[in-house]
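Peer 1: Below is the file entry_12.txt, with compact mmCIF, C-alpha atoms.
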# COMPACT_ATOMS: atom_id res chain seq x y z
CA MET A 1 122.60 98.89 85.22
CA PRO A 2 122.05 98.37 88.96
CA SER A 3 120.46 101.39 90.68
CA THR A 4 123.25 101.41 93.31
CA PRO A 5 126.99 100.80 92.97
CA VAL A 6 128.27 97.27 93.43
CA SER A 7 130.14 96.93 96.74
CA TRP A 8 133.12 94.71 97.44
CA ASP A 9 131.06 92.69 99.92
CA ALA A 10 128.34 92.05 97.34
CA ALA A 11 130.78 91.14 94.57
CA ASN A 12 132.78 88.91 96.87
CA ALA A 13 129.71 87.06 98.16
CA ARG A 14 128.46 86.45 94.63
CA ARG A 15 131.83 85.14 93.43
CA MET A 16 132.01 82.72 96.35
CA ASP A 17 128.42 81.60 95.97
CA ARG A 18 128.73 80.91 92.25
CA GLN A 19 131.64 78.54 92.67
CA GLY A 20 130.53 76.66 95.76
CA LEU A 21 132.61 78.43 98.38
CA LEU A 22 129.74 79.67 100.55
CA ALA A 23 128.15 76.21 100.63
CA PRO A 24 129.46 73.15 98.75
CA ALA A 25 127.41 72.09 95.75
CA GLY A 26 125.40 68.89 96.21
CA THR A 27 126.88 65.83 94.52
CA ALA A 28 123.47 64.98 93.05
CA SER A 29 123.51 68.11 90.93
CA ALA A 30 127.21 68.87 90.40
CA SER A 31 130.31 66.97 89.33
CA PRO A 32 134.04 67.80 89.44
CA ALA A 33 133.78 68.91 85.81
CA ASP A 34 130.86 71.20 86.64
CA ILE A 35 132.87 72.83 89.43
CA ALA A 36 135.92 73.25 87.21
CA GLY A 37 133.64 74.98 84.72
CA LEU A 38 132.29 77.39 87.35
CA MET A 39 135.83 78.21 88.49
CA LEU A 40 137.02 78.66 84.89
CA GLY A 41 139.55 75.94 85.46
CA ALA A 42 141.44 74.61 88.47
CA HIS A 43 145.13 75.51 88.45
CA ALA A 44 146.95 72.17 88.40
CA GLN A 45 150.64 73.03 88.61
CA VAL A 46 150.36 71.28 91.99
CA ALA A 47 148.12 68.30 91.23
CA SER A 48 147.03 67.73 94.82
CA ALA A 49 146.04 71.40 95.13
CA ALA A 50 143.82 71.18 92.05
CA GLU A 51 142.15 68.10 93.48
CA LEU A 52 141.50 69.91 96.75
CA SER A 53 140.30 73.09 94.99
CA ILE A 54 137.56 71.14 93.25
CA ALA A 55 136.70 68.72 96.08
CA LEU A 56 136.16 71.47 98.66
CA ARG A 57 133.45 72.95 96.44
CA LEU A 58 131.51 69.66 96.34
CA ASP A 59 129.52 68.09 99.15
CA GLY A 60 131.22 64.91 100.35
CA ALA A 61 133.85 64.76 97.61
CA THR A 62 137.45 63.55 97.99
CA ARG A 63 140.59 63.86 95.90
CA ALA A 64 139.81 60.41 94.48
CA ASP A 65 136.60 61.76 92.94
CA VAL A 66 138.58 64.42 91.08
CA ARG A 67 141.17 61.90 89.91
CA ASP A 68 138.42 59.58 88.68
CA ALA A 69 136.92 62.46 86.70
CA GLN A 70 140.20 62.78 84.78
CA PHE A 71 140.68 59.13 83.88
CA ARG A 72 137.88 56.61 83.99
CA GLY A 73 138.83 52.94 84.14
CA GLN A 74 141.70 51.08 85.72
CA ARG A 75 144.12 50.30 82.91
CA PRO A 76 147.74 50.80 84.01
CA ALA A 77 149.41 53.85 82.55
CA GLY A 78 151.48 53.19 79.85
CA SER A 79 152.73 51.72 76.78
CA GLU A 80 152.33 52.61 73.15
CA GLY A 81 149.03 51.46 71.74
CA GLU A 82 147.11 52.22 74.92
CA GLY A 83 145.04 55.37 74.79
CA PRO A 84 143.72 57.02 77.95
CA PRO A 85 140.21 56.11 79.04
CA PRO A 86 137.73 58.97 78.57
CA GLY A 87 137.25 61.45 81.41
CA THR A 88 135.15 64.51 82.12
CA LEU A 89 138.20 66.60 83.14
CA VAL A 90 141.22 67.32 80.95
CA LYS A 91 144.61 68.40 82.26
CA THR A 92 146.06 70.87 79.79
CA PHE A 93 147.47 74.37 79.37
CA GLY A 94 144.89 77.00 80.29
CA PRO A 95 144.92 80.71 81.20
CA ARG A 96 148.40 82.29 81.37
CA GLY A 97 149.81 79.17 79.73
CA THR A 98 149.72 77.40 83.10
CA ILE A 99 148.52 73.85 83.73
CA HIS A 100 144.79 73.60 84.51
CA LEU A 101 142.01 71.05 84.86
CA LEU A 102 139.27 72.01 82.39
CA PRO A 103 135.94 70.33 81.62
CA ALA A 104 136.38 68.03 78.63
CA LYS A 105 133.11 69.24 77.11
CA ASP A 106 134.39 72.85 77.19
CA LEU A 107 137.74 72.12 75.57
CA PRO A 108 136.64 73.13 72.02
CA TRP A 109 135.72 76.67 73.04
CA TRP A 110 138.60 76.97 75.52
CA THR A 111 141.13 76.12 72.80
CA GLY A 112 139.37 78.44 70.38
CA ALA A 113 139.44 81.31 72.88
CA LEU A 114 143.04 80.86 74.03
CA SER A 115 144.27 80.72 70.45
CA ALA A 116 142.78 84.22 70.02
CA VAL A 117 144.85 85.70 72.88
CA PRO A 118 147.95 87.48 71.51
CA ALA A 119 151.09 85.45 72.08
CA ARG A 120 153.78 86.93 74.26
CA PRO A 121 157.13 87.72 72.63
CA SER A 122 159.41 84.70 72.43
CA PRO A 123 161.94 84.63 75.29
CA PHE A 124 164.38 82.60 73.20
CA LEU A 125 167.31 83.76 71.12
CA PRO A 126 166.57 84.09 67.38
CA GLU A 127 168.67 81.05 66.53
CA ALA A 128 166.62 78.92 68.96
CA ARG A 129 163.21 79.87 67.64
CA MET A 130 161.12 77.98 65.12
CA THR A 131 159.66 79.55 61.99
CA PRO A 132 155.85 79.47 61.58
CA ALA A 133 156.25 76.70 59.01
CA ARG A 134 158.34 74.56 61.35
CA THR A 135 155.91 75.24 64.20
CA ASP A 136 153.07 73.94 62.04
CA GLU A 137 155.20 70.91 61.17
CA VAL A 138 155.84 70.14 64.83
CA ILE A 139 152.17 70.56 65.78
CA ALA A 140 151.13 68.16 63.03
CA ALA A 141 153.76 65.68 64.22
CA ILE A 142 152.58 65.98 67.83
CA GLY A 143 148.96 65.39 66.86
CA ASP A 144 149.87 62.32 64.83
CA ALA A 145 152.29 60.86 67.38
CA LEU A 146 149.91 61.25 70.35
CA THR A 147 146.75 59.91 68.73
CA GLY A 148 145.52 56.96 70.79
CA VAL A 149 148.62 56.76 73.00
CA GLU A 150 150.31 58.34 76.00
CA LEU A 151 153.99 59.23 75.55
CA THR A 152 156.63 60.63 77.87
CA VAL A 153 158.61 63.68 76.79
CA ASP A 154 161.51 61.51 75.62
CA GLU A 155 159.21 59.21 73.66
CA LEU A 156 157.42 62.17 72.11
CA THR A 157 160.75 63.75 71.16
CA GLU A 158 161.73 60.59 69.29
CA ALA A 159 158.37 60.48 67.55
CA ILE A 160 158.56 64.13 66.49
CA VAL A 161 162.11 63.76 65.16
CA ALA A 162 161.02 60.72 63.15
CA ARG A 163 158.28 62.83 61.53
CA THR A 164 160.19 66.11 61.08
CA GLY A 165 163.95 65.88 61.41
CA PRO A 166 166.77 66.09 63.96
CA TRP A 167 166.46 69.88 64.17
CA ALA A 168 163.35 69.43 66.35
CA ALA A 169 165.48 67.87 69.11
CA ASP A 170 168.25 70.48 69.14
CA PRO A 171 168.85 71.33 72.84
CA VAL A 172 168.38 75.10 72.55
CA MET A 173 165.80 75.93 75.26
CA PRO A 174 167.22 76.84 78.69
CA ALA A 175 165.06 75.22 81.39
CA PHE A 176 165.70 74.22 85.01
CA GLN A 177 169.49 74.10 84.70
CA THR A 178 169.30 71.98 81.56
CA MET A 179 168.44 72.43 77.89
CA TRP A 180 165.18 71.26 76.36
CA PRO A 181 164.70 70.22 72.72
CA ARG A 182 163.63 72.91 70.26
CA TRP A 183 160.14 71.47 69.67
CA ARG A 184 159.03 72.10 73.26
CA GLN A 185 158.53 75.80 72.61
CA ALA A 186 155.43 74.71 70.64
CA THR A 187 153.90 72.76 73.54
CA HIS A 188 151.36 75.44 74.51
CA THR A 189 150.50 76.11 70.90
CA ALA A 190 149.88 72.40 70.32
CA ALA A 191 147.52 72.41 73.31
CA GLN A 192 145.66 75.40 71.85
CA HIS A 193 145.31 73.47 68.59
CA GLY A 194 143.61 70.69 70.56
CA VAL A 195 146.23 68.01 69.83
CA LEU A 196 148.07 67.88 73.16
CA ALA A 197 146.96 67.37 76.76
CA PHE A 198 148.41 65.55 79.75
CA GLY A 199 147.96 61.81 80.06
CA ARG A 200 148.36 59.70 83.20
CA ASP A 201 151.67 59.93 85.03
CA ARG A 202 153.90 56.94 84.42
CA GLY A 203 155.65 56.62 87.74
CA ARG A 204 157.33 60.00 88.20
CA LYS A 205 157.22 60.79 84.50
CA VAL A 206 154.63 63.02 82.86
CA THR A 207 152.90 61.76 79.73
CA TYR A 208 151.06 63.56 76.94
CA THR A 209 148.18 62.44 74.76
CA ASN A 210 146.00 63.82 71.97
CA PRO A 211 142.57 64.77 73.38
CA GLY A 212 141.11 64.76 69.87
CA CYS A 213 139.73 68.28 70.19
CA ALA A 214 138.70 70.40 67.20
CA PRO A 215 138.91 74.05 68.39
CA ASP A 216 135.82 76.20 67.89
CA SER A 217 136.00 79.51 65.99
CA SER A 218 138.19 81.96 67.86
CA THR A 219 136.02 85.10 68.04
CA PRO A 220 132.81 83.52 69.40
CA SER A 221 134.92 81.38 71.74
CA LEU A 222 136.70 84.46 73.08
CA HIS A 223 133.38 86.23 73.63
CA ARG A 224 132.14 83.17 75.50
CA LEU A 225 135.23 83.15 77.70
CA VAL A 226 134.78 86.83 78.61
CA ASP A 227 131.11 86.20 79.43
CA ARG A 228 132.00 83.25 81.67
CA TYR A 229 134.82 85.22 83.30
CA LEU A 230 132.57 88.17 84.15
CA ARG A 231 129.85 85.89 85.50
CA ALA A 232 132.39 84.16 87.74
CA TYR A 233 134.57 87.10 88.80
CA GLY A 234 132.78 90.29 87.78
CA PRO A 235 132.63 93.18 88.19
CA ALA A 236 136.03 93.26 86.50
CA THR A 237 138.05 95.65 84.37
CA ALA A 238 139.82 95.02 81.09
CA GLN A 239 143.09 95.13 83.04
CA ASP A 240 141.78 92.41 85.35
CA LEU A 241 141.10 90.17 82.36
CA ALA A 242 144.51 90.99 80.87
CA SER A 243 146.22 89.98 84.13
CA TRP A 244 144.20 86.77 84.39
CA LEU A 245 145.07 85.77 80.82
CA ALA A 246 148.63 87.22 80.81
CA ALA A 247 147.52 89.23 77.78
CA PRO A 248 148.39 92.77 76.63
CA ALA A 249 146.35 95.43 78.45
CA GLY A 250 145.69 97.36 75.25
CA TRP A 251 144.28 94.27 73.55
CA ALA A 252 141.93 93.63 76.48
CA THR A 253 140.78 97.28 76.49
CA GLU A 254 139.93 97.08 72.79
CA LEU A 255 138.13 93.77 73.35
CA PHE A 256 135.96 95.23 76.13
CA ALA A 257 135.20 98.30 74.01
CA SER A 258 133.98 96.10 71.15
CA LEU A 259 131.86 93.96 73.50
CA ALA A 260 130.36 97.13 75.03
CA ASP A 261 129.49 98.41 71.54
CA GLU A 262 127.69 95.10 70.89
CA GLU A 263 125.93 95.42 74.30
CA ARG A 264 127.39 92.12 75.48
CA ILE A 265 128.79 93.74 78.64
CA GLU A 266 127.70 96.67 80.78
CA GLU A 267 129.61 99.07 82.99
CA VAL A 268 128.87 99.60 86.69
CA ALA A 269 130.28 101.57 89.59
CA PHE A 270 132.52 99.28 91.61
CA GLY A 271 134.53 100.47 94.56
CA SER A 272 136.10 103.81 93.67
CA GLY A 273 136.01 103.20 89.93
CA ARG A 274 134.15 101.48 87.12
CA ALA A 275 134.11 97.86 86.05
CA TRP A 276 132.13 95.50 83.84
CA LEU A 277 129.49 92.79 84.12
CA ALA A 278 128.02 90.44 81.56
CA ALA A 279 124.98 92.20 80.10
CA GLY A 280 121.94 91.73 82.32
CA ASP A 281 123.83 89.84 85.02
CA THR A 282 123.20 92.43 87.73
CA ALA A 283 121.81 90.44 90.68
CA PHE A 284 123.94 90.39 93.84
CA PRO A 285 123.45 88.93 97.34
CA ASP A 286 122.19 91.23 100.08
CA GLU A 287 124.42 89.66 102.74
CA PRO A 288 128.24 89.54 102.82
CA ALA A 289 130.14 86.26 102.74
CA ARG A 290 130.46 84.43 106.03
CA GLY A 291 132.47 81.44 107.13
CA VAL A 292 135.96 79.96 107.16
CA ARG A 293 137.66 78.15 104.28
CA LEU A 294 141.11 76.65 103.71
CA LEU A 295 142.08 77.22 100.08
CA PRO A 296 145.05 75.36 98.57
CA TYR A 297 147.90 76.61 96.40
CA PHE A 298 146.80 78.63 93.35
CA ASP A 299 143.10 78.38 94.09
CA ALA A 300 141.15 80.09 91.29
CA TYR A 301 139.26 82.33 93.71
CA VAL A 302 142.37 84.07 95.07
CA VAL A 303 144.13 84.19 91.69
CA ALA A 304 141.20 85.71 89.75
CA SER A 305 139.37 87.90 92.28
CA ARG A 306 140.08 91.63 92.17
CA PRO A 307 140.77 94.21 93.58
CA ARG A 308 143.56 92.28 95.24
CA ASP A 309 144.10 94.85 98.00
CA LEU A 310 140.56 94.17 99.27
CA LEU A 311 140.91 90.40 99.06
CA PHE A 312 144.33 90.59 100.79
CA PRO A 313 144.02 93.41 103.34
CA ALA A 314 147.29 94.90 104.63
CA ALA A 315 148.75 92.26 106.96
CA ALA A 316 147.37 89.43 104.82
CA ALA A 317 149.03 90.89 101.73
CA ALA A 318 152.39 91.03 103.48
CA ARG A 319 152.08 87.40 104.59
CA ALA A 320 150.17 85.64 101.83
CA LEU A 321 151.35 87.29 98.61
CA ALA A 322 154.71 86.49 97.04
CA GLY A 323 156.03 89.52 95.19
CA GLY A 324 152.43 90.63 94.70
CA GLN A 325 151.47 87.26 93.19
CA ALA A 326 148.52 85.33 94.62
CA GLY A 327 148.40 81.58 94.97
CA ASN A 328 151.93 80.81 96.10
CA TYR A 329 150.68 80.18 99.63
CA PRO A 330 147.61 78.17 100.68
CA VAL A 331 145.35 80.69 102.42
CA LEU A 332 142.95 80.92 105.33
CA LEU A 333 139.79 82.67 104.17
CA VAL A 334 137.59 84.30 106.82
CA ASP A 335 134.32 85.92 105.78
CA GLY A 336 135.50 86.16 102.21
CA THR A 337 138.90 87.78 102.73
CA VAL A 338 142.37 86.31 103.24
CA ALA A 339 143.23 86.14 106.94
CA GLY A 340 146.30 83.91 107.06
CA VAL A 341 148.22 81.03 105.51
CA TRP A 342 148.39 77.31 106.17
CA HIS A 343 150.54 74.28 105.45
CA GLN A 344 150.12 70.52 105.54
CA ARG A 345 152.57 67.72 106.16
CA ARG A 346 151.38 64.19 105.49
CA SER A 347 152.55 61.09 107.32
CA GLY A 348 150.65 58.01 106.29
CA ARG A 349 146.98 58.45 107.12
CA ARG A 350 147.53 61.59 109.21
CA ILE A 351 148.07 65.19 108.15
CA ALA A 352 149.70 67.77 110.38
CA LEU A 353 147.82 70.92 109.38
CA THR A 354 149.28 74.20 110.64
CA VAL A 355 147.37 77.48 110.29
CA GLU A 356 148.98 80.88 110.82
CA PRO A 357 146.32 83.62 111.16
CA VAL A 358 147.44 87.21 110.62
CA GLY A 359 145.13 88.40 113.41
CA LYS A 360 143.21 87.03 116.33
CA LEU A 361 140.45 84.54 115.57
CA GLY A 362 137.27 84.68 117.61
CA ALA A 363 135.73 81.61 119.23
CA ALA A 364 133.23 81.10 116.38
CA HIS A 365 135.93 81.29 113.75
CA ARG A 366 138.11 78.85 115.72
CA ARG A 367 135.26 76.35 115.82
CA ALA A 368 134.68 76.81 112.09
CA LEU A 369 138.39 76.37 111.44
CA ARG A 370 138.43 73.05 113.30
CA GLU A 371 135.52 71.88 111.15
CA GLN A 372 137.34 72.95 108.00
CA ALA A 373 140.51 71.15 109.10
CA GLU A 374 138.51 67.94 109.62
CA ARG A 375 136.88 68.36 106.23
CA THR A 376 140.23 69.02 104.56
CA GLY A 377 141.58 65.82 106.07
CA ALA A 378 138.55 63.88 104.81
CA MET A 379 138.95 65.28 101.30
CA LEU A 380 142.59 64.20 101.34
CA GLU A 381 141.56 60.78 102.67
CA ALA A 382 143.37 61.24 105.96
CA THR A 383 142.89 62.54 109.50
CA ALA A 384 143.98 66.13 110.09
CA ASP A 385 145.67 67.30 113.31
CA LEU A 386 145.19 71.08 113.56
CA THR A 387 147.76 73.45 115.10
CA LEU A 388 147.77 77.25 115.21
CA GLY A 389 151.32 78.48 114.82
CA THR A 390 154.01 80.03 112.68
CA ILE A 391 154.73 78.55 109.27
CA THR A 392 158.35 78.64 108.12
CA VAL A 393 157.85 77.06 104.68
CA GLY A 394 158.40 79.57 101.88
CA PRO A 395 156.13 80.25 98.88
CA HIS A 396 155.70 77.76 96.06
CA ALA A 397 157.58 78.78 92.96
Go through the file and emit its structure as structure tokens.
Peer 2:
Amino acid sequence: MPSTPVSWDAANARRMDRQGLLAPAGTASASPADIAGLMLGAHAQVASAAELSIALRLDGATRADVRDAQFRGQRPAGSEGEGPPPGTLVKTFGPRGTIHLLPAKDLPWWTGALSAVPARPSPFLPEARMTPARTDEVIAAIGDALTGVELTVDELTEAIVARTGPWAADPVMPAFQTMWPRWRQATHTAAQHGVLAFGRDRGRKVTYTNPGCAPDSSTPSLHRLVDRYLRAYGPATAQDLASWLAAPAGWATELFASLADEERIEEVAFGSGRAWLAAGDTAFPDEPARGVRLLPYFDAYVVASRPRDLLFPAAAAARALAGGQAGNYPVLLVDGTVAGVWHQRRSGRRIALTVEPVGKLGAAHRRALREQAERTGAMLEATADLTLGTITVGPHA
């Protein structure tokens, strides 16, 4: 155990350093997949935001580098009989059941770990749910139908019905002012079984494919995930992990207790309370984080870092959190804490980039912000025009 308590400044600086936010990692020693591994996944609900999240942590990278890491080769997206070219990043369902970019090499233990997290109660009416036997039937059908091909939702629905029966397509799931087929409630479970991931978009349509992943054993995989989580975002509490995974707090508390008994984690003083580190991982920087960063929607750093009231001090919390949820606004980060929001509007090869600070920026921070705006434009393969002003765009859903 460290001889002194761990401060917020020390924890914050270590988190930023370990995922390339203090200084971008050199391209000679790090790849988009490496960065996604350090972040524990890049949230990819907004694809362009995931690309920016990873690129900004790499020296000289652009969004194209992240796209290339997902799908190598130039075959057009498409038809049955064409499987996706191999990539080092996989787009699939990660923590909280949300879409993430994960390293392909880590997918076996990720799927093993996520399958060990207790499932949340079904939000669907009893008559809409599938029995365990029918869920297994659908998962087997998905794995078979997606092997070696990329299919749209409609094509996959047809393939599942052909392998199971018409009941799988019953429109019983309320979603976005329409009704989805019954089988889609097993989508996340199929991803956790390693038989479903996202393929290349076909125009404006999403496709799925079978990544051919055999999940590792659940218990060692879960222990590995906790270790990686604490090394990336520790010190952290069991409640922090539960929030990050959207898991029951009691389950996370029992998990931490068992890991402490096995001496896999150790408790430290952090802030006004206690939190946990991976055993032996007690080195922290002597200096606080410095610098300015522009983080996109749902960046892993703002979603996973706790305590949130220190990351989003008063005025920043009021402006940059949406109902207490982090990530719904792109944020301005100054010396490791949220200090405003920003927005981009693209027009051809130019990006109008507006930043709204919650307080006054000094001359040094303004200079650093201009540099970050230029770098953001370069990563997005455009030229950025920076403006300081009020942003009227609401939070992303």
Peer 1: Could you give me, as a ChimeraX atom specification, the residues within 10 Å of Ser31 (chain A), counting only C-alpha atoms and dropping anything in the same chain fewer than 4 positions from it?
Peer 2: /A:25-27,35-37,54-55,57-59,61,65-66,69,88
Peer 1: Give as a list in words each residue that has an atom at most 10 Å from (132.1, 82.9, 94.9) in the file, counting only C-alpha atoms.
Peer 2: Ala11, Asn12, Ala13, Arg14, Arg15, Met16, Asp17, Arg18, Gln19, Gly20, Leu21, Leu22, Ala23, Leu38, Met39, Ala232, Tyr233, Ala289, Tyr301, Ser305 and Gly336 of chain A
Peer 1: Please provide the set of residues having any atom within 12 Å of region 140-153 of chain A, restricted to only C-alpha atoms, with same-chain residues fewer than 6 positions apart removed, written as a PyMOL selection string.
Peer 2: chain A and resi 76-86+133-134+159-165+168-169+180-181+183-184+186-214
Peer 1: So how far away is CA of Leu114 (chain A) from CA of Trp167 (chain A), in Å?
Peer 2: 27.7 Å
Peer 1: Box in all listed atoms of region 309-327 of chain A, axis-aligned, with 6 Å more on each side; write out centre and edge lengths in Å to one decimal as lines of an AutoDock Vina configuration file.
Peer 2:
center_x = 148.3
center_y = 88.2
center_z = 100.1
size_x = 27.5
size_y = 25.3
size_z = 25.8
Peer 1: Return the single residue from A:Gly112, A:Gly323, A:Pro313, A:Gly362 that is closest to His396 (chain A), with distances computed using all atoms listed in the file.
Peer 2: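 The shortest atom-to-atom distance to His396 (chain A) comes from A:Gly323.
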Peer 1: Return the single residue from A:Ser347, A:Pro395, A:Ser258, A:Arg293 that is closest to Arg375 (chain A), with distances computed using all atoms listed in the file.
Peer 2: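 The answer is A:Arg293, which sits nearest to Arg375 (chain A).
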Peer 1: Which residues are close to region 49-53 of chain A, i.e. within 9 Å by only C-alpha atoms, leaving aside same-chain residues fewer than 6 positions away? Reply as a list in words.
Peer 2: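 Everything that qualifies: Ala36, Ala42, His43, Thr62, Arg63, Ala64, Asp65, Val66, Arg67, His100, Leu101, Leu295, Pro296, Tyr297, Phe298, Asp299, Ala300, Pro330, Thr376, Met379 and Leu380 of chain A.
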Peer 1: Convert the current residue selection to file output with C-alpha atoms, as a PDB file, in the coordinates of the input.
Peer 2:
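Once everything was written out, this is result02.pdb:
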ATOM      1  CA  ALA A  36     135.920  73.250  87.210  1.00  0.00           C
ATOM      2  CA  ALA A  42     141.440  74.610  88.470  1.00  0.00           C
ATOM      3  CA  HIS A  43     145.130  75.510  88.450  1.00  0.00           C
ATOM      4  CA  THR A  62     137.450  63.550  97.990  1.00  0.00           C
ATOM      5  CA  ARG A  63     140.590  63.860  95.900  1.00  0.00           C
ATOM      6  CA  ALA A  64     139.810  60.410  94.480  1.00  0.00           C
ATOM      7  CA  ASP A  65     136.600  61.760  92.940  1.00  0.00           C
ATOM      8  CA  VAL A  66     138.580  64.420  91.080  1.00  0.00           C
ATOM      9  CA  ARG A  67     141.170  61.900  89.910  1.00  0.00           C
ATOM     10  CA  HIS A 100     144.790  73.600  84.510  1.00  0.00           C
ATOM     11  CA  LEU A 101     142.010  71.050  84.860  1.00  0.00           C
ATOM     12  CA  LEU A 295     142.080  77.220 100.080  1.00  0.00           C
ATOM     13  CA  PRO A 296     145.050  75.360  98.570  1.00  0.00           C
ATOM     14  CA  TYR A 297     147.900  76.610  96.400  1.00  0.00           C
ATOM     15  CA  PHE A 298     146.800  78.630  93.350  1.00  0.00           C
ATOM     16  CA  ASP A 299     143.100  78.380  94.090  1.00  0.00           C
ATOM     17  CA  ALA A 300     141.150  80.090  91.290  1.00  0.00           C
ATOM     18  CA  PRO A 330     147.610  78.170 100.680  1.00  0.00           C
ATOM     19  CA  THR A 376     140.230  69.020 104.560  1.00  0.00           C
ATOM     20  CA  MET A 379     138.950  65.280 101.300  1.00  0.00           C
ATOM     21  CA  LEU A 380     142.590  64.200 101.340  1.00  0.00           C
TER      22      LEU A 380
END
Peer 1: Please work out which residues fall within 12 Å of (166.6, 80.9, 71.3), coordinates as given in the file, with all atoms listed in the file counting, and return them as a ChimeraX atom specification.
Peer 2: /A:121-131,170-175,179-185
Peer 1: To one decimal place in Å, what is the distance between CA of Gly280 (chain A) and CA of Phe256 (chain A)?
Peer 2: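 A separation of 15.7 Å between them.
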Peer 1: Counting all atoms listed in the file, what is within 8 Å of region 259-274 of chain A, bar same-chain residues fewer than 2 positions away, as a compact mmCIF listing (two decimals) with C-alpha atoms, in the coordinates of the input?
Peer 2:
# COMPACT_ATOMS: atom_id res chain seq x y z
CA MET A 1 122.60 98.89 85.22
CA PRO A 2 122.05 98.37 88.96
CA THR A 4 123.25 101.41 93.31
CA PRO A 5 126.99 100.80 92.97
CA VAL A 6 128.27 97.27 93.43
CA SER A 7 130.14 96.93 96.74
CA TRP A 8 133.12 94.71 97.44
CA HIS A 223 133.38 86.23 73.63
CA ASP A 227 131.11 86.20 79.43
CA PRO A 235 132.63 93.18 88.19
CA THR A 237 138.05 95.65 84.37
CA LEU A 255 138.13 93.77 73.35
CA PHE A 256 135.96 95.23 76.13
CA ALA A 257 135.20 98.30 74.01
CA TRP A 276 132.13 95.50 83.84
CA LEU A 277 129.49 92.79 84.12
CA ALA A 278 128.02 90.44 81.56
CA ALA A 279 124.98 92.20 80.10
CA GLY A 280 121.94 91.73 82.32
Peer 1: Hey, which of A:Leu245, A:Ala363, A:Val355, A:Leu225 ends up closest to Trp342 (chain A)? Count all atoms listed in the file.
Peer 2: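 Closest to Trp342 (chain A), using all atoms listed in the file: A:Val355.
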Peer 1: Set the distance at 8 Å and use all atoms listed in the file: which residues neighbour Ala247 (chain A) once local chain neighbours fewer than 6 positions away are removed? I'd like the list as a list in words.
Peer 2: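 Within the cut-off, the hits are Arg96, Val117, Pro118, Ala119, Arg120 and Leu241 of chain A.
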Peer 1: Filtering to C-alpha atoms, could you give me those residues as a PDB file, keeping the file's coordinate frame?
Peer 2:
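Result went into out_39.pdb, see below:
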ATOM      1  CA  ARG A  96     148.400  82.290  81.370  1.00  0.00           C
ATOM      2  CA  VAL A 117     144.850  85.700  72.880  1.00  0.00           C
ATOM      3  CA  PRO A 118     147.950  87.480  71.510  1.00  0.00           C
ATOM      4  CA  ALA A 119     151.090  85.450  72.080  1.00  0.00           C
ATOM      5  CA  ARG A 120     153.780  86.930  74.260  1.00  0.00           C
ATOM      6  CA  LEU A 241     141.100  90.170  82.360  1.00  0.00           C
TER       7      LEU A 241
END
Peer 1: Using CA of Arg224 (chain A) and CA of Trp109 (chain A) as the two end points, give the distance in Å to one decimal.
Peer 2: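 For CA of Arg224 (chain A) relative to CA of Trp109 (chain A), the distance reads 7.8 Å.
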Peer 1: Using only C-alpha atoms, which of the listed residues (A:Leu388, A:Ala364, A:Val334, A:Val358) sits closest to Arg319 (chain A)?
Peer 2: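 Going through A:Leu388, A:Ala364, A:Val334, A:Val358 one by one, the smallest distance to Arg319 (chain A) is for A:Val358.
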Peer 1: Of the residues A:Ala314, A:Leu294, A:Ala242, A:Ala252, which is the one nearest to Val341 (chain A), using all atoms listed in the file?
Peer 2: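 Residue with the minimum atom-to-atom distance to Val341 (chain A): A:Leu294.
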Peer 1: In terms of the shortest atom-to-atom distance over all atoms listed in the file, which of A:Val338, A:Val292, A:Val331, A:Leu321 is closest to Gln372 (chain A)?
Peer 2: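 Closest to Gln372 (chain A) of all the choices is A:Val292.
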